[in-house]
$ cat protein-v9.cif   # mmCIF, C-alpha atoms
data_entry
loop_
_atom_site.group_PDB
_atom_site.id
_atom_site.type_symbol
_atom_site.label_atom_id
_atom_site.label_comp_id
_atom_site.auth_asym_id
_atom_site.auth_seq_id
_atom_site.Cartn_x
_atom_site.Cartn_y
_atom_site.Cartn_z
ATOM 1 C CA MET T 1 -27.273 9.856 0.534
ATOM 2 C CA THR T 2 -26.030 11.749 -2.507
ATOM 3 C CA THR T 3 -26.326 10.890 -6.192
ATOM 4 C CA TYR T 4 -23.160 11.621 -8.171
ATOM 5 C CA VAL T 5 -22.342 11.958 -11.874
ATOM 6 C CA ALA T 6 -18.776 11.132 -12.926
ATOM 7 C CA LEU T 7 -17.328 11.820 -16.372
ATOM 8 C CA LEU T 8 -14.080 10.063 -17.206
ATOM 9 C CA ARG T 9 -11.676 11.680 -19.626
ATOM 10 C CA ALA T 10 -10.544 9.938 -22.826
ATOM 11 C CA VAL T 11 -11.933 6.480 -22.067
ATOM 12 C CA ASN T 12 -12.533 4.077 -24.995
ATOM 13 C CA VAL T 13 -11.511 6.700 -27.565
ATOM 14 C CA VAL T 14 -10.325 4.672 -30.579
ATOM 15 C CA HIS T 15 -7.767 2.288 -28.983
ATOM 16 C CA HIS T 16 -6.950 4.562 -26.029
ATOM 17 C CA GLN T 17 -7.739 3.583 -22.403
ATOM 18 C CA ARG T 18 -9.950 0.608 -23.212
ATOM 19 C CA VAL T 19 -12.165 -0.541 -20.349
ATOM 20 C CA GLU T 20 -15.424 -2.465 -20.132
ATOM 21 C CA MET T 21 -18.315 -0.651 -18.471
ATOM 22 C CA ALA T 22 -18.979 -3.732 -16.311
ATOM 23 C CA GLU T 23 -15.445 -3.381 -14.927
ATOM 24 C CA LEU T 24 -16.070 0.274 -14.115
ATOM 25 C CA ARG T 25 -19.341 -0.545 -12.355
ATOM 26 C CA SER T 26 -17.684 -3.310 -10.349
ATOM 27 C CA ALA T 27 -14.798 -1.028 -9.345
ATOM 28 C CA VAL T 28 -17.141 1.735 -8.156
ATOM 29 C CA GLU T 29 -19.247 -0.760 -6.209
ATOM 30 C CA GLY T 30 -16.007 -2.042 -4.654
ATOM 31 C CA MET T 31 -15.386 1.486 -3.345
ATOM 32 C CA GLY T 32 -18.631 1.267 -1.360
ATOM 33 C CA TYR T 33 -20.990 3.118 -3.709
ATOM 34 C CA SER T 34 -24.372 1.704 -4.754
ATOM 35 C CA GLY T 35 -26.837 1.972 -7.642
ATOM 36 C CA VAL T 36 -23.942 2.239 -10.082
ATOM 37 C CA GLU T 37 -25.026 2.797 -13.686
ATOM 38 C CA THR T 38 -23.038 3.553 -16.824
ATOM 39 C CA LEU T 39 -24.199 5.399 -19.916
ATOM 40 C CA LEU T 40 -22.763 4.642 -23.353
ATOM 41 C CA GLY T 41 -19.194 3.364 -23.481
ATOM 42 C CA SER T 42 -17.287 6.586 -22.925
ATOM 43 C CA GLY T 43 -16.952 6.660 -19.152
ATOM 44 C CA ASN T 44 -20.195 8.185 -17.862
ATOM 45 C CA LEU T 45 -21.220 7.002 -14.397
ATOM 46 C CA VAL T 46 -24.099 7.667 -11.995
ATOM 47 C CA PHE T 47 -23.904 6.269 -8.462
ATOM 48 C CA VAL T 48 -25.055 6.852 -4.897
ATOM 49 C CA GLY T 49 -23.019 7.303 -1.746
ATOM 50 C CA PRO T 50 -22.597 9.304 1.423
ATOM 51 C CA PRO T 51 -22.244 13.089 1.089
ATOM 52 C CA GLN T 52 -18.627 14.022 0.306
ATOM 53 C CA PRO T 53 -16.903 16.956 -1.388
ATOM 54 C CA THR T 54 -16.774 16.140 -5.101
ATOM 55 C CA ASP T 55 -13.022 16.731 -5.287
ATOM 56 C CA GLU T 56 -12.547 13.923 -2.748
ATOM 57 C CA VAL T 57 -14.742 11.605 -4.837
ATOM 58 C CA GLU T 58 -12.683 12.523 -7.935
ATOM 59 C CA GLU T 59 -9.450 11.693 -6.129
ATOM 60 C CA LEU T 60 -10.820 8.368 -4.877
ATOM 61 C CA LEU T 61 -12.095 7.321 -8.325
ATOM 62 C CA GLU T 62 -8.836 8.232 -10.048
ATOM 63 C CA HIS T 63 -6.744 6.386 -7.451
ATOM 64 C CA GLU T 64 -8.906 3.275 -7.390
ATOM 65 C CA PHE T 65 -9.287 3.053 -11.188
ATOM 66 C CA THR T 66 -5.495 3.098 -11.464
ATOM 67 C CA ARG T 67 -5.103 0.499 -8.703
ATOM 68 C CA ARG T 68 -7.936 -1.830 -9.687
ATOM 69 C CA LEU T 69 -8.098 -1.451 -13.476
ATOM 70 C CA LYS T 70 -4.706 0.024 -14.463
ATOM 71 C CA LEU T 71 -6.783 2.871 -15.910
ATOM 72 C CA THR T 72 -5.156 6.295 -15.670
ATOM 73 C CA THR T 73 -7.787 8.948 -16.285
ATOM 74 C CA ASP T 74 -9.224 12.177 -14.887
ATOM 75 C CA ALA T 75 -12.634 11.982 -13.213
ATOM 76 C CA PHE T 76 -14.956 14.999 -13.163
ATOM 77 C CA VAL T 77 -17.628 14.560 -10.503
ATOM 78 C CA ARG T 78 -20.800 16.557 -9.894
ATOM 79 C CA THR T 79 -23.731 15.940 -7.549
ATOM 80 C CA ALA T 80 -27.212 15.439 -9.006
ATOM 81 C CA GLU T 81 -28.087 18.955 -7.815
ATOM 82 C CA GLU T 82 -25.043 20.391 -9.574
ATOM 83 C CA TRP T 83 -25.948 18.451 -12.724
ATOM 84 C CA ALA T 84 -29.467 19.905 -12.672
ATOM 85 C CA ALA T 85 -27.903 23.379 -12.352
ATOM 86 C CA ILE T 86 -25.681 22.665 -15.374
ATOM 87 C CA VAL T 87 -28.805 21.962 -17.430
ATOM 88 C CA ALA T 88 -30.617 25.000 -16.042
ATOM 89 C CA HIS T 89 -27.692 27.364 -16.790
ATOM 90 C CA ASN T 90 -27.341 26.312 -20.442
ATOM 91 C CA PRO T 91 -26.970 29.613 -22.346
ATOM 92 C CA PHE T 92 -27.953 28.006 -25.671
ATOM 93 C CA PRO T 93 -31.524 26.681 -25.243
ATOM 94 C CA LYS T 94 -32.379 27.074 -28.937
ATOM 95 C CA GLU T 95 -29.366 25.009 -30.026
ATOM 96 C CA ALA T 96 -30.060 22.457 -27.293
ATOM 97 C CA GLU T 97 -33.546 21.935 -28.670
ATOM 98 C CA GLY T 98 -32.769 22.086 -32.389
ATOM 99 C CA ASP T 99 -29.337 20.457 -32.684
ATOM 100 C CA PRO T 100 -28.207 18.964 -29.349
ATOM 101 C CA SER T 101 -25.418 16.881 -30.886
ATOM 102 C CA HIS T 102 -23.628 20.123 -31.877
ATOM 103 C CA LEU T 103 -23.791 21.589 -28.374
ATOM 104 C CA LEU T 104 -21.077 20.351 -26.020
ATOM 105 C CA LEU T 105 -20.680 20.745 -22.308
ATOM 106 C CA TYR T 106 -17.123 20.713 -20.985
ATOM 107 C CA ALA T 107 -16.797 19.853 -17.298
ATOM 108 C CA LEU T 108 -13.701 21.577 -15.926
ATOM 109 C CA ARG T 109 -11.498 20.803 -12.936
ATOM 110 C CA THR T 110 -11.439 24.383 -11.633
ATOM 111 C CA VAL T 111 -13.284 27.649 -12.241
ATOM 112 C CA PRO T 112 -11.415 29.692 -14.883
ATOM 113 C CA ASN T 113 -10.789 33.343 -14.060
ATOM 114 C CA PRO T 114 -12.434 36.128 -16.146
ATOM 115 C CA PRO T 115 -9.308 36.813 -18.274
ATOM 116 C CA SER T 116 -9.238 33.112 -19.225
ATOM 117 C CA TRP T 117 -12.860 33.199 -20.416
ATOM 118 C CA LYS T 118 -12.034 36.319 -22.432
ATOM 119 C CA ALA T 119 -8.978 34.596 -23.940
ATOM 120 C CA LEU T 120 -11.207 31.723 -25.016
ATOM 121 C CA THR T 121 -13.822 33.862 -26.758
ATOM 122 C CA ILE T 122 -11.197 36.060 -28.431
ATOM 123 C CA GLY T 123 -9.268 32.989 -29.578
ATOM 124 C CA ILE T 124 -12.179 31.430 -31.480
ATOM 125 C CA SER T 125 -11.840 32.345 -35.142
ATOM 126 C CA GLY T 126 -14.487 30.021 -36.584
ATOM 127 C CA PRO T 127 -18.293 29.877 -36.260
ATOM 128 C CA GLU T 128 -18.186 28.267 -32.805
ATOM 129 C CA VAL T 129 -19.615 30.156 -29.846
ATOM 130 C CA ALA T 130 -18.556 29.521 -26.233
ATOM 131 C CA ARG T 131 -19.959 30.623 -22.894
ATOM 132 C CA GLY T 132 -18.855 29.781 -19.397
ATOM 133 C CA TRP T 133 -20.546 29.186 -16.077
ATOM 134 C CA ASP T 134 -18.781 28.076 -12.900
ATOM 135 C CA ARG T 135 -16.652 24.981 -13.714
ATOM 136 C CA HIS T 136 -18.290 24.475 -17.127
ATOM 137 C CA ALA T 137 -17.915 25.621 -20.710
ATOM 138 C CA TYR T 138 -20.777 25.388 -23.201
ATOM 139 C CA VAL T 139 -19.702 25.393 -26.853
ATOM 140 C CA VAL T 140 -21.890 25.402 -29.981
ATOM 141 C CA TYR T 141 -20.321 23.808 -33.080
ATOM 142 C CA PRO T 142 -22.535 24.868 -36.037
ATOM 143 C CA ASP T 143 -20.376 22.953 -38.545
ATOM 144 C CA GLY T 144 -19.766 19.951 -36.296
ATOM 145 C CA VAL T 145 -17.010 19.033 -33.894
ATOM 146 C CA GLY T 146 -14.859 16.890 -36.201
ATOM 147 C CA ARG T 147 -12.925 19.605 -38.063
ATOM 148 C CA SER T 148 -13.286 22.389 -35.526
ATOM 149 C CA LYS T 149 -10.197 24.030 -34.099
ATOM 150 C CA VAL T 150 -12.022 24.482 -30.794
ATOM 151 C CA THR T 151 -10.708 21.208 -29.425
ATOM 152 C CA LEU T 152 -10.300 20.112 -25.818
ATOM 153 C CA PRO T 153 -6.571 20.992 -25.836
ATOM 154 C CA PHE T 154 -7.477 24.448 -27.240
ATOM 155 C CA LEU T 155 -10.021 24.981 -24.458
ATOM 156 C CA GLU T 156 -7.660 23.752 -21.765
ATOM 157 C CA GLY T 157 -4.878 25.988 -23.023
ATOM 158 C CA ARG T 158 -7.096 29.083 -23.005
ATOM 159 C CA LEU T 159 -8.853 28.330 -19.729
ATOM 160 C CA GLY T 160 -5.843 27.012 -17.820
ATOM 161 C CA THR T 161 -7.563 23.897 -16.480
ATOM 162 C CA ARG T 162 -8.282 20.316 -17.490
ATOM 163 C CA GLY T 163 -11.656 19.129 -18.719
ATOM 164 C CA THR T 164 -13.727 16.599 -20.613
ATOM 165 C CA GLY T 165 -16.639 17.106 -23.005
ATOM 166 C CA ARG T 166 -20.058 15.529 -23.610
ATOM 167 C CA ASN T 167 -22.732 16.442 -26.141
ATOM 168 C CA TRP T 168 -26.058 17.754 -24.927
ATOM 169 C CA ASN T 169 -27.901 14.500 -25.626
ATOM 170 C CA THR T 170 -25.583 12.771 -23.146
ATOM 171 C CA VAL T 171 -25.971 15.601 -20.622
ATOM 172 C CA LEU T 172 -29.762 15.166 -20.651
ATOM 173 C CA LYS T 173 -29.568 11.359 -20.452
ATOM 174 C CA LEU T 174 -27.351 11.664 -17.381
ATOM 175 C CA ALA T 175 -29.836 14.109 -15.848
ATOM 176 C CA ARG T 176 -32.601 11.525 -16.352
ATOM 177 C CA LEU T 177 -30.433 8.833 -14.733
ATOM 178 C CA THR T 178 -29.860 11.005 -11.653
ATOM 179 C CA ARG T 179 -33.614 11.537 -11.323
ATOM 180 C CA SER T 180 -34.310 7.815 -11.622
ATOM 181 C CA GLN T 181 -31.690 7.136 -8.932
ATOM 182 C CA ALA T 182 -33.355 9.678 -6.639
ATOM 183 C CA GLY T 183 -36.677 7.930 -7.173
ATOM 184 C CA ARG T 184 -35.191 4.615 -6.021
ATOM 185 C CA MET T 185 -33.608 5.993 -2.844
ATOM 186 C CA PRO T 186 -35.560 5.173 0.324
ATOM 187 C CA ARG T 187 -37.431 8.180 1.646
ATOM 188 C CA ARG T 188 -36.735 9.377 5.180
ATOM 189 C CA ARG T 189 -39.739 9.324 7.498
ATOM 190 C CA GLU T 190 -40.701 12.426 9.448
ATOM 191 C CA GLY T 191 -38.516 12.644 12.585
ATOM 192 C CA GLU T 192 -36.203 9.841 11.429
ATOM 193 C CA PRO T 193 -32.505 10.766 11.781
ATOM 194 C CA ARG T 194 -30.505 11.354 8.629
ATOM 195 C CA PRO T 195 -28.056 8.553 7.681
#
$ encode --input "protein-v9.cif" --output "structure tokens"
Amino acid sequence: MTTYVALLRAVNVVHHQRVEMAELRSAVEGMGYSGVETLLGSGNLVFVGPPQPTDEVEELLEHEFTRRLKLTTDAFVRTAEEWAAIVAHNPFPKEAEGDPSHLLLYALRTVPNPPSWKALTIGISGPEVARGWDRHAYVVYPDGVGRSKVTLPFLEGRLGTRGTGRNWNTVLKLARLTRSQAGRMPRRREGEPRP
């Protein structure tokens, strides 16, 4: 079995795309997944299911949320192993330790090409610093996110792909949730066939 992390885009932001976390959990359980947990109220999910390509899980979540909840949103799915790699590849360890609320991870739909990453770094005129790895952008906001011009639409325009952002505190809480899920999964005995 595989533990997944799903980030939903623009859920419960002001009065946009309102949904109760209990409804999300129930919908994901209805799709056949187990151990479904939510974190905060902004569309962060951890759940367990059979191994599948993450793009297929994204497509299923998006389709079923629309059908079951009338919720139209993008889902960005990573396995627990991929989530651990996201944490390990953080290029800003000092900022993560000293001011994690001003470090954001953006999960992206596709891997931007090198010219797109260059366009992003050249396009930043303020104090923000951005680095990329795989399908992820890490951005430090020294003066806070609120008034920054490095917004999600700015990032998407420069990188040519859709995304959603979470601060580093949330990233680490989700990592802890994936580890607790792994601890609850039944262990396979020596010689026992895989499910």
$ resolve_selection --input "protein-v9.cif" --expression "the PyMOL selection byres ((chain T and resi 167) around 7)" --output "list in words"
Pro100, Ser101, His102, Leu103, Leu104, Leu105, Gly165, Arg166, Trp168, Asn169, Thr170 and Val171 of chain T
$ write_last_selection --input "protein-v9.cif" --atoms "C-alpha atoms" --output "tab-separated table (two decimals), in the frame of the given file"
chain	number	residue	atom	x	y	z
T	100	PRO	CA	-28.21	18.96	-29.35
T	101	SER	CA	-25.42	16.88	-30.89
T	102	HIS	CA	-23.63	20.12	-31.88
T	103	LEU	CA	-23.79	21.59	-28.37
T	104	LEU	CA	-21.08	20.35	-26.02
T	105	LEU	CA	-20.68	20.74	-22.31
T	165	GLY	CA	-16.64	17.11	-23.00
T	166	ARG	CA	-20.06	15.53	-23.61
T	168	TRP	CA	-26.06	17.75	-24.93
T	169	ASN	CA	-27.90	14.50	-25.63
T	170	THR	CA	-25.58	12.77	-23.15
T	171	VAL	CA	-25.97	15.60	-20.62
$ atom_distance --input "protein-v9.cif" --atom1 "CA of Arg68 (chain T)" --atom2 "CA of Glu56 (chain T)"
17.8 Å
$ resolve_selection --input "protein-v9.cif" --expression "the PyMOL selection byres ((chain T and resi 32) around 12)" --output "number ranges by chain"
T: 25-31, 33-36, 47-50, 57, 60-61, 64
$ resolve_selection --input "protein-v9.cif" --expression "the PyMOL selection byres ((chain T and resi 153-158) around 8)" --output "list in words"
Ser116, Trp117, Ala119, Leu120, Gly123, Lys149, Val150, Thr151, Leu152, Leu159, Gly160, Thr161, Arg162 and Gly163 of chain T
$ write_last_selection --input "protein-v9.cif" --atoms "C-alpha atoms" --output "PDB file, keeping the file's coordinate frame"
ATOM      1  CA  SER T 116      -9.238  33.112 -19.225  1.00  0.00           C
ATOM      2  CA  TRP T 117     -12.860  33.199 -20.416  1.00  0.00           C
ATOM      3  CA  ALA T 119      -8.978  34.596 -23.940  1.00  0.00           C
ATOM      4  CA  LEU T 120     -11.207  31.723 -25.016  1.00  0.00           C
ATOM      5  CA  GLY T 123      -9.268  32.989 -29.578  1.00  0.00           C
ATOM      6  CA  LYS T 149     -10.197  24.030 -34.099  1.00  0.00           C
ATOM      7  CA  VAL T 150     -12.022  24.482 -30.794  1.00  0.00           C
ATOM      8  CA  THR T 151     -10.708  21.208 -29.425  1.00  0.00           C
ATOM      9  CA  LEU T 152     -10.300  20.112 -25.818  1.00  0.00           C
ATOM     10  CA  LEU T 159      -8.853  28.330 -19.729  1.00  0.00           C
ATOM     11  CA  GLY T 160      -5.843  27.012 -17.820  1.00  0.00           C
ATOM     12  CA  THR T 161      -7.563  23.897 -16.480  1.00  0.00           C
ATOM     13  CA  ARG T 162      -8.282  20.316 -17.490  1.00  0.00           C
ATOM     14  CA  GLY T 163     -11.656  19.129 -18.719  1.00  0.00           C
TER      15      GLY T 163
END
$ closest_residue --input "protein-v9.cif" --among "T:His89, T:Arg176, T:Lys94, T:Arg109" --to "Glu58 (chain T)" --atoms "only C-alpha atoms"
T:Arg109
$ residues_around --input "protein-v9.cif" --residues "region 138-147 of chain T" --least-positions-apart "5" --cutoff "8 Å" --atoms "only C-alpha atoms" --output "PyMOL selection string"
chain T and resi 90-92+95+102-106+127-132
$ atom_distance --input "protein-v9.cif" --atom1 "CA of Thr3 (chain T)" --atom2 "CA of Ala80 (chain T)"
5.4 Å
$ closest_residue --input "protein-v9.cif" --among "T:Thr73, T:Ile122, T:Thr54, T:Glu59" --to "Val11 (chain T)" --atoms "all atoms listed in the file"
T:Thr73
$ closest_residue --input "protein-v9.cif" --among "T:Asp134, T:Asp74, T:Glu37, T:Glu62" --to "Pro114 (chain T)" --atoms "all atoms listed in the file"
T:Asp134
